Amino acid sequence: MIQDVAKTDIDLGAWEELMKKGITNAISGLSQMVQKKITVDSVLISRIPAKEVIDLVGGPETLIVGIYLNFSGAANGHLMLAHRPEVAYALLGMILGEEPVKRNDISDYELSALSEMGNITGSFFLNAIADTLGITLYPSPPSVIIDMAGAIMGIALAEILQESDEVMVVDTVFTTDDQSAGGRFMIMPNESFVQLSQHYAR
Amino acid sequence: MIISQQAKPDSQAAAGTAETKVVVGLEEIYVSCDPNVVLSCLGLGSCVAVSAYDAVARVGGMAHVVLPDDGGKDREGSPGKYANTGIPRLIEGMKEAGALKSRIAIKIAGGARIFGNVKEGSLLDIGFRNLAAVKQAISDNGLYLKNENTGGSHGRSLLLYVSSGLTMVTSAVKGKIEI
């Protein structure tokens with residue numbers, strides 16, 4: 001389901017098609033990792049002011065677990081899995097086969113499991129894009145951070161704001177079929193990536 | 001750039017008090033002489049919040065700086081985005097609201113390096129570059145930097161109470177402190 005509220009003259013049909021391919025593959029990777037069927041609840045593709053991007057995850061002071069990576073190569077951009085802490089623990093429980101316990105700290109072992117979640121989701125997404133466009137994309141190692149949403153997203157937003165006043169964001173909300181965990185997968189491409197899709201997709 | 005003399009009706013008022021919290025978003029500059037207003041920059045990572053206060057005129061202002069330098073372009077668009085354009089604009093706004101430049105005390109917060117895999121002081125360390133640019137702009141504009149809570153690797157929020165000049169920093173890891 002695409003809720004398209006784009007405000008530009010760029011052919012978003014091509015971009016949307018490309019993103020859907022990537023997201024489908026990314027969610028399938030994540031689903032294999034947590035061994036659960038995952039449903040995509042909504043995909044928002046939109047160009048909005050930076051402030052509104054942070055509002056998507058609940059506002060700048062909302063505590064989130066962010067699994068962040070960026071990518072370079074033929075195109076640049078930022079990928080992030082953003083979860084409320086309790087959701088991150090639920091996902092960890094699925095990966096590590098443990099009962100989720102509500103708490104505020106996170107062990108190195110759990111951090112590395114969350115990193116791996118970023119690796120899988122990110123590389124499945126980028127592979128689908130790179131294969132479709134016939135280009136090469138290199139993901140960075142993921143960073144896992146528990147902090148205010150504004151602080152975590154600030155870096156990606158700052159980089160995008162260097163070249164543009166608004167931010168193209170692709171925001172996917174998903175839940176596991178048993179409703180035990182949900183989260184969001186956000187793609188924030190640099191402007192060059194959106195332009196690139198115009199030449200290849202379709 | 002928003003200059004407010006009175007509380008904005010659309011801002012969120014705390015229950016039971018006349019306090020009006022105004023959130024200064026990314027790239028925004030806000031100046032107020034309304035004693036009920038609390039200016040705030042929330043969830044600062046690499047961004048730097050610059051607060052300015054004239055204790056005599058009781059005028060407060062805040063800028064949410066995202067990037068160090070506009071490189072000579074985009075000055076018209078959003079001056080608050082960059083340190084080198086945001087700080088002069090903030091001071092202009094303060095003066096328009098009745099502040100005297102010589103009485104303005106500056107406090108800053110933010111400029112963290114959130115991602116551990118970014119080399120300290122490198123081109124990718126935007127927090128570090130933002131801080132350097134903000135301090136440069138403070139000195140270039142002949143302003144007085146009274147206090148700061150900057151750097152590190154955690155997110156923060158900065159609050160300025162226009163009535164008293166009280167400036168607080170809150171963070172998820174270090175609680176609430178006055179600066």
# chains A, B, ... in the order shown; residues from 1 in each chain; ligands from 1
>>> interface_residues(of="chain B", to="chain A", cutoff="10 Å", atoms="only C-alpha atoms", output="ChimeraX atom specification")
/B:24-28,41-47,65-70,74,77-78,81-82,110-117,124-127,153-157,170-173
>>> write_last_selection(atoms="N, CA and C atoms", output="compact mmCIF listing (two decimals), in the first residue's frame")
# COMPACT_ATOMS: atom_id res chain seq x y z
N VAL B 24 12.04 24.85 18.81
CA VAL B 24 12.78 25.44 17.70
C VAL B 24 13.35 24.27 16.89
N GLY B 25 12.72 24.00 15.74
CA GLY B 25 13.09 22.84 14.93
C GLY B 25 14.37 23.05 14.15
N LEU B 26 14.82 22.00 13.48
CA LEU B 26 16.00 22.07 12.62
C LEU B 26 15.94 23.31 11.73
N GLU B 27 17.02 24.06 11.68
CA GLU B 27 17.19 25.24 10.83
C GLU B 27 16.40 26.46 11.30
N GLU B 28 15.67 26.34 12.38
CA GLU B 28 14.82 27.46 12.79
C GLU B 28 15.52 28.40 13.76
N CYS B 41 15.40 23.38 21.94
CA CYS B 41 15.87 22.57 20.81
C CYS B 41 15.93 21.14 21.33
N LEU B 42 15.19 20.24 20.71
CA LEU B 42 15.06 18.89 21.25
C LEU B 42 15.83 17.87 20.41
N GLY B 43 16.37 16.88 21.09
CA GLY B 43 17.02 15.76 20.40
C GLY B 43 18.20 16.19 19.55
N LEU B 44 19.09 16.98 20.14
CA LEU B 44 20.28 17.43 19.41
C LEU B 44 21.30 16.31 19.36
N GLY B 45 21.81 16.02 18.19
CA GLY B 45 22.93 15.09 18.05
C GLY B 45 24.13 15.89 17.62
N SER B 46 24.38 15.88 16.30
CA SER B 46 25.48 16.68 15.76
C SER B 46 25.07 18.15 15.64
N CYS B 47 23.78 18.41 15.68
CA CYS B 47 23.29 19.80 15.61
C CYS B 47 23.73 20.56 16.86
N VAL B 65 21.21 25.05 14.78
CA VAL B 65 22.17 24.98 13.68
C VAL B 65 22.41 23.52 13.27
N VAL B 66 22.34 23.27 11.95
CA VAL B 66 22.47 21.90 11.45
C VAL B 66 23.84 21.66 10.80
N LEU B 67 24.36 22.70 10.14
CA LEU B 67 25.60 22.55 9.38
C LEU B 67 26.53 23.73 9.66
N PRO B 68 27.84 23.51 9.44
CA PRO B 68 28.79 24.57 9.79
C PRO B 68 28.74 25.82 8.91
N ASP B 69 28.70 25.64 7.61
CA ASP B 69 28.99 26.77 6.73
C ASP B 69 28.16 26.68 5.46
N ASP B 70 27.65 27.81 5.01
CA ASP B 70 26.85 27.79 3.79
C ASP B 70 27.71 27.96 2.54
N ASP B 74 22.96 30.15 -0.62
CA ASP B 74 21.78 29.82 0.18
C ASP B 74 21.54 30.75 1.37
N GLY B 77 17.77 31.60 1.71
CA GLY B 77 16.85 30.49 1.98
C GLY B 77 16.56 30.28 3.45
N SER B 78 17.44 29.58 4.15
CA SER B 78 17.21 29.35 5.57
C SER B 78 18.50 29.64 6.32
N LYS B 81 20.04 27.34 9.10
CA LYS B 81 20.64 26.04 8.82
C LYS B 81 22.13 26.03 9.17
N TYR B 82 22.80 27.17 8.94
CA TYR B 82 24.26 27.21 9.07
C TYR B 82 24.71 28.07 10.24
N GLY B 110 25.08 20.57 22.32
CA GLY B 110 25.01 19.68 21.15
C GLY B 110 26.40 19.39 20.58
N GLY B 111 26.45 19.19 19.28
CA GLY B 111 27.74 18.92 18.62
C GLY B 111 28.35 17.59 19.01
N ALA B 112 27.49 16.59 19.24
CA ALA B 112 28.00 15.28 19.65
C ALA B 112 28.43 14.46 18.43
N ARG B 113 29.22 13.45 18.71
CA ARG B 113 29.58 12.47 17.67
C ARG B 113 28.83 11.19 18.02
N ILE B 114 27.63 11.06 17.43
CA ILE B 114 26.71 9.99 17.81
C ILE B 114 27.23 8.62 17.35
N PHE B 115 27.84 8.59 16.18
CA PHE B 115 28.29 7.30 15.65
C PHE B 115 29.76 7.06 15.97
N GLY B 116 30.01 5.99 16.72
CA GLY B 116 31.36 5.68 17.17
C GLY B 116 32.33 5.42 16.04
N ASN B 117 31.81 5.00 14.87
CA ASN B 117 32.74 4.65 13.79
C ASN B 117 33.17 5.86 12.95
N LEU B 124 33.62 13.84 8.37
CA LEU B 124 32.31 13.23 8.65
C LEU B 124 31.82 13.55 10.06
N ASP B 125 32.72 14.07 10.90
CA ASP B 125 32.33 14.42 12.26
C ASP B 125 31.64 15.78 12.24
N ILE B 126 30.38 15.77 11.82
CA ILE B 126 29.66 17.03 11.62
C ILE B 126 29.49 17.77 12.95
N GLY B 127 29.32 17.03 14.04
CA GLY B 127 29.17 17.66 15.35
C GLY B 127 30.38 18.52 15.69
N SER B 153 29.05 11.69 23.02
CA SER B 153 28.42 10.84 22.01
C SER B 153 26.96 10.58 22.32
N HIS B 154 26.32 11.51 23.04
CA HIS B 154 24.91 11.30 23.37
C HIS B 154 24.06 12.49 22.95
N GLY B 155 22.77 12.22 22.79
CA GLY B 155 21.83 13.27 22.40
C GLY B 155 21.44 14.15 23.57
N ARG B 156 21.02 15.37 23.27
CA ARG B 156 20.64 16.33 24.31
C ARG B 156 19.46 17.17 23.86
N SER B 157 18.85 17.86 24.84
CA SER B 157 17.90 18.92 24.54
C SER B 157 18.33 20.15 25.33
N THR B 170 19.00 18.59 28.99
CA THR B 170 18.56 17.25 29.39
C THR B 170 19.09 16.24 28.39
N SER B 171 19.33 15.03 28.87
CA SER B 171 19.75 13.97 27.95
C SER B 171 19.25 12.64 28.47
N ALA B 172 19.22 11.67 27.55
CA ALA B 172 18.71 10.35 27.91
C ALA B 172 19.67 9.66 28.88
N VAL B 173 20.95 10.00 28.81
CA VAL B 173 21.93 9.29 29.64
C VAL B 173 22.39 10.08 30.86
>>> residues_around(residues="Ser123 in chain A", least_positions_apart="4", cutoff="7 Å", atoms="only C-alpha atoms", output="JSON, numbers by chain")
{"A": [119, 127, 139]}
>>> write_last_selection(atoms="N, CA and C atoms", output="tab-separated table (two decimals), in the first residue's frame")
chain	number	residue	atom	x	y	z
A	119	ASN	N	22.59	-5.29	8.95
A	119	ASN	CA	23.34	-5.83	7.81
A	119	ASN	C	22.43	-6.56	6.84
A	127	ASN	N	20.90	-4.91	-2.48
A	127	ASN	CA	21.09	-5.89	-3.56
A	127	ASN	C	19.98	-5.80	-4.59
A	139	PRO	N	27.31	-0.93	1.32
A	139	PRO	CA	26.80	-0.52	2.63
A	139	PRO	C	27.94	-0.29	3.62
>>> select_by_dssp(residues="chain B", states="helix (DSSP H, G or I)", output="NGL selection string")
:B and (79-81 or 83-96 or 101-103 or 126-140)
>>> residues_around(residues="range 182-187 of chain A", least_positions_apart="6", cutoff="7 Å", atoms="only C-alpha atoms", output="mmCIF file with N, CA and C atoms, in the first residue's frame")
data_model
loop_
_atom_site.group_PDB
_atom_site.id
_atom_site.type_symbol
_atom_site.label_atom_id
_atom_site.label_comp_id
_atom_site.auth_asym_id
_atom_site.auth_seq_id
_atom_site.Cartn_x
_atom_site.Cartn_y
_atom_site.Cartn_z
ATOM 1 N N HIS A 78 20.983 6.875 3.126
ATOM 2 C CA HIS A 78 20.998 6.415 4.509
ATOM 3 C C HIS A 78 19.855 5.428 4.740
ATOM 4 N N LEU A 79 20.143 4.394 5.494
ATOM 5 C CA LEU A 79 19.117 3.406 5.836
ATOM 6 C C LEU A 79 19.035 3.314 7.351
ATOM 7 N N MET A 80 17.844 3.173 7.869
ATOM 8 C CA MET A 80 17.729 3.026 9.312
ATOM 9 C C MET A 80 16.541 2.161 9.696
ATOM 10 N N LEU A 81 16.804 1.244 10.615
ATOM 11 C CA LEU A 81 15.717 0.534 11.270
ATOM 12 C C LEU A 81 15.505 1.261 12.593
ATOM 13 N N ALA A 82 14.296 1.701 12.841
ATOM 14 C CA ALA A 82 14.029 2.430 14.080
ATOM 15 C C ALA A 82 12.973 1.691 14.871
ATOM 16 N N HIS A 83 13.311 1.349 16.098
ATOM 17 C CA HIS A 83 12.354 0.623 16.936
ATOM 18 C C HIS A 83 12.245 1.295 18.288
ATOM 19 N N VAL A 87 10.363 -2.929 21.467
ATOM 20 C CA VAL A 87 10.257 -3.684 20.223
ATOM 21 C C VAL A 87 11.611 -4.291 19.861
ATOM 22 N N VAL A 169 11.979 10.777 1.782
ATOM 23 C CA VAL A 169 12.000 9.684 2.756
ATOM 24 C C VAL A 169 11.062 8.576 2.296
ATOM 25 N N VAL A 170 11.521 7.345 2.484
ATOM 26 C CA VAL A 170 10.698 6.176 2.197
ATOM 27 C C VAL A 170 10.563 5.449 3.526
ATOM 28 N N ASP A 171 9.376 5.473 4.090
ATOM 29 C CA ASP A 171 9.162 5.012 5.457
ATOM 30 C C ASP A 171 8.232 3.799 5.446
ATOM 31 N N THR A 172 8.786 2.650 5.821
ATOM 32 C CA THR A 172 8.021 1.407 5.807
ATOM 33 C C THR A 172 7.727 0.967 7.238
ATOM 34 N N VAL A 173 6.463 0.753 7.540
ATOM 35 C CA VAL A 173 6.095 0.264 8.866
ATOM 36 C C VAL A 173 5.701 -1.200 8.734
ATOM 37 N N PHE A 174 6.250 -2.040 9.594
ATOM 38 C CA PHE A 174 5.951 -3.475 9.483
ATOM 39 C C PHE A 174 5.653 -4.085 10.848
ATOM 40 N N THR A 175 4.938 -5.204 10.815
ATOM 41 C CA THR A 175 4.727 -5.987 12.041
ATOM 42 C C THR A 175 4.890 -7.457 11.712
ATOM 43 N N THR A 176 5.262 -8.221 12.724
ATOM 44 C CA THR A 176 5.287 -9.662 12.535
ATOM 45 C C THR A 176 3.837 -10.135 12.515
#
>>> atom_distance(atom1="CA of Phe128 in chain B", atom2="CA of Glu116 in chain A")
28.6 Å
>>> closest_residue(among="B:Leu159, B:Ile104, B:Val134, B:Val118", to="Val23 in chain B", atoms="only C-alpha atoms")
B:Leu159
>>> residues_around(residues="range 99-103 of chain B", least_positions_apart="2", cutoff="8 Å", atoms="only C-alpha atoms", output="list in words")
Tyr53, Asp54, Ala55, Val56, Ala57, Arg58, Val59, Ile91, Met94, Lys95, Glu96, Ala97, Ala105 and Leu143 of chain B
>>> atom_distance(atom1="CA of Met62 in chain B", atom2="CA of Lys21 in chain B")
12.7 Å
>>> atom_distance(atom1="CA of Ala83 in chain B", atom2="CA of Ser40 in chain B")
17.5 Å
>>> residues_around(residues="Asp177 in chain A", least_positions_apart="4", cutoff="10 Å", atoms="only C-alpha atoms", output="PyMOL selection string")
chain A and resi 36-40+181-182
>>> write_last_selection(atoms="N, CA and C atoms", output="mmCIF file, in the first residue's frame")
data_model
loop_
_atom_site.group_PDB
_atom_site.id
_atom_site.type_symbol
_atom_site.label_atom_id
_atom_site.label_comp_id
_atom_site.auth_asym_id
_atom_site.auth_seq_id
_atom_site.Cartn_x
_atom_site.Cartn_y
_atom_site.Cartn_z
ATOM 1 N N LYS A 36 9.962 -15.294 11.277
ATOM 2 C CA LYS A 36 8.525 -15.011 11.379
ATOM 3 C C LYS A 36 8.076 -14.345 10.091
ATOM 4 N N LYS A 37 6.809 -14.526 9.791
ATOM 5 C CA LYS A 37 6.251 -13.840 8.638
ATOM 6 C C LYS A 37 6.073 -12.366 9.017
ATOM 7 N N ILE A 38 6.463 -11.484 8.124
ATOM 8 C CA ILE A 38 6.357 -10.052 8.420
ATOM 9 C C ILE A 38 5.437 -9.381 7.403
ATOM 10 N N THR A 39 4.524 -8.585 7.907
ATOM 11 C CA THR A 39 3.601 -7.870 7.037
ATOM 12 C C THR A 39 4.004 -6.400 6.962
ATOM 13 N N VAL A 40 4.002 -5.864 5.755
ATOM 14 C CA VAL A 40 4.237 -4.428 5.591
ATOM 15 C C VAL A 40 2.901 -3.719 5.770
ATOM 16 N N ALA A 181 5.825 -7.985 17.365
ATOM 17 C CA ALA A 181 6.807 -6.919 17.198
ATOM 18 C C ALA A 181 6.560 -6.182 15.899
ATOM 19 N N GLY A 182 6.871 -4.914 15.913
ATOM 20 C CA GLY A 182 6.753 -4.111 14.698
ATOM 21 C C GLY A 182 7.844 -3.069 14.715
#
>>> closest_residue(among="A:Pro85, A:Gly58, A:Met94, A:Met19", to="Ile45 in chain A", atoms="only C-alpha atoms")
A:Met19
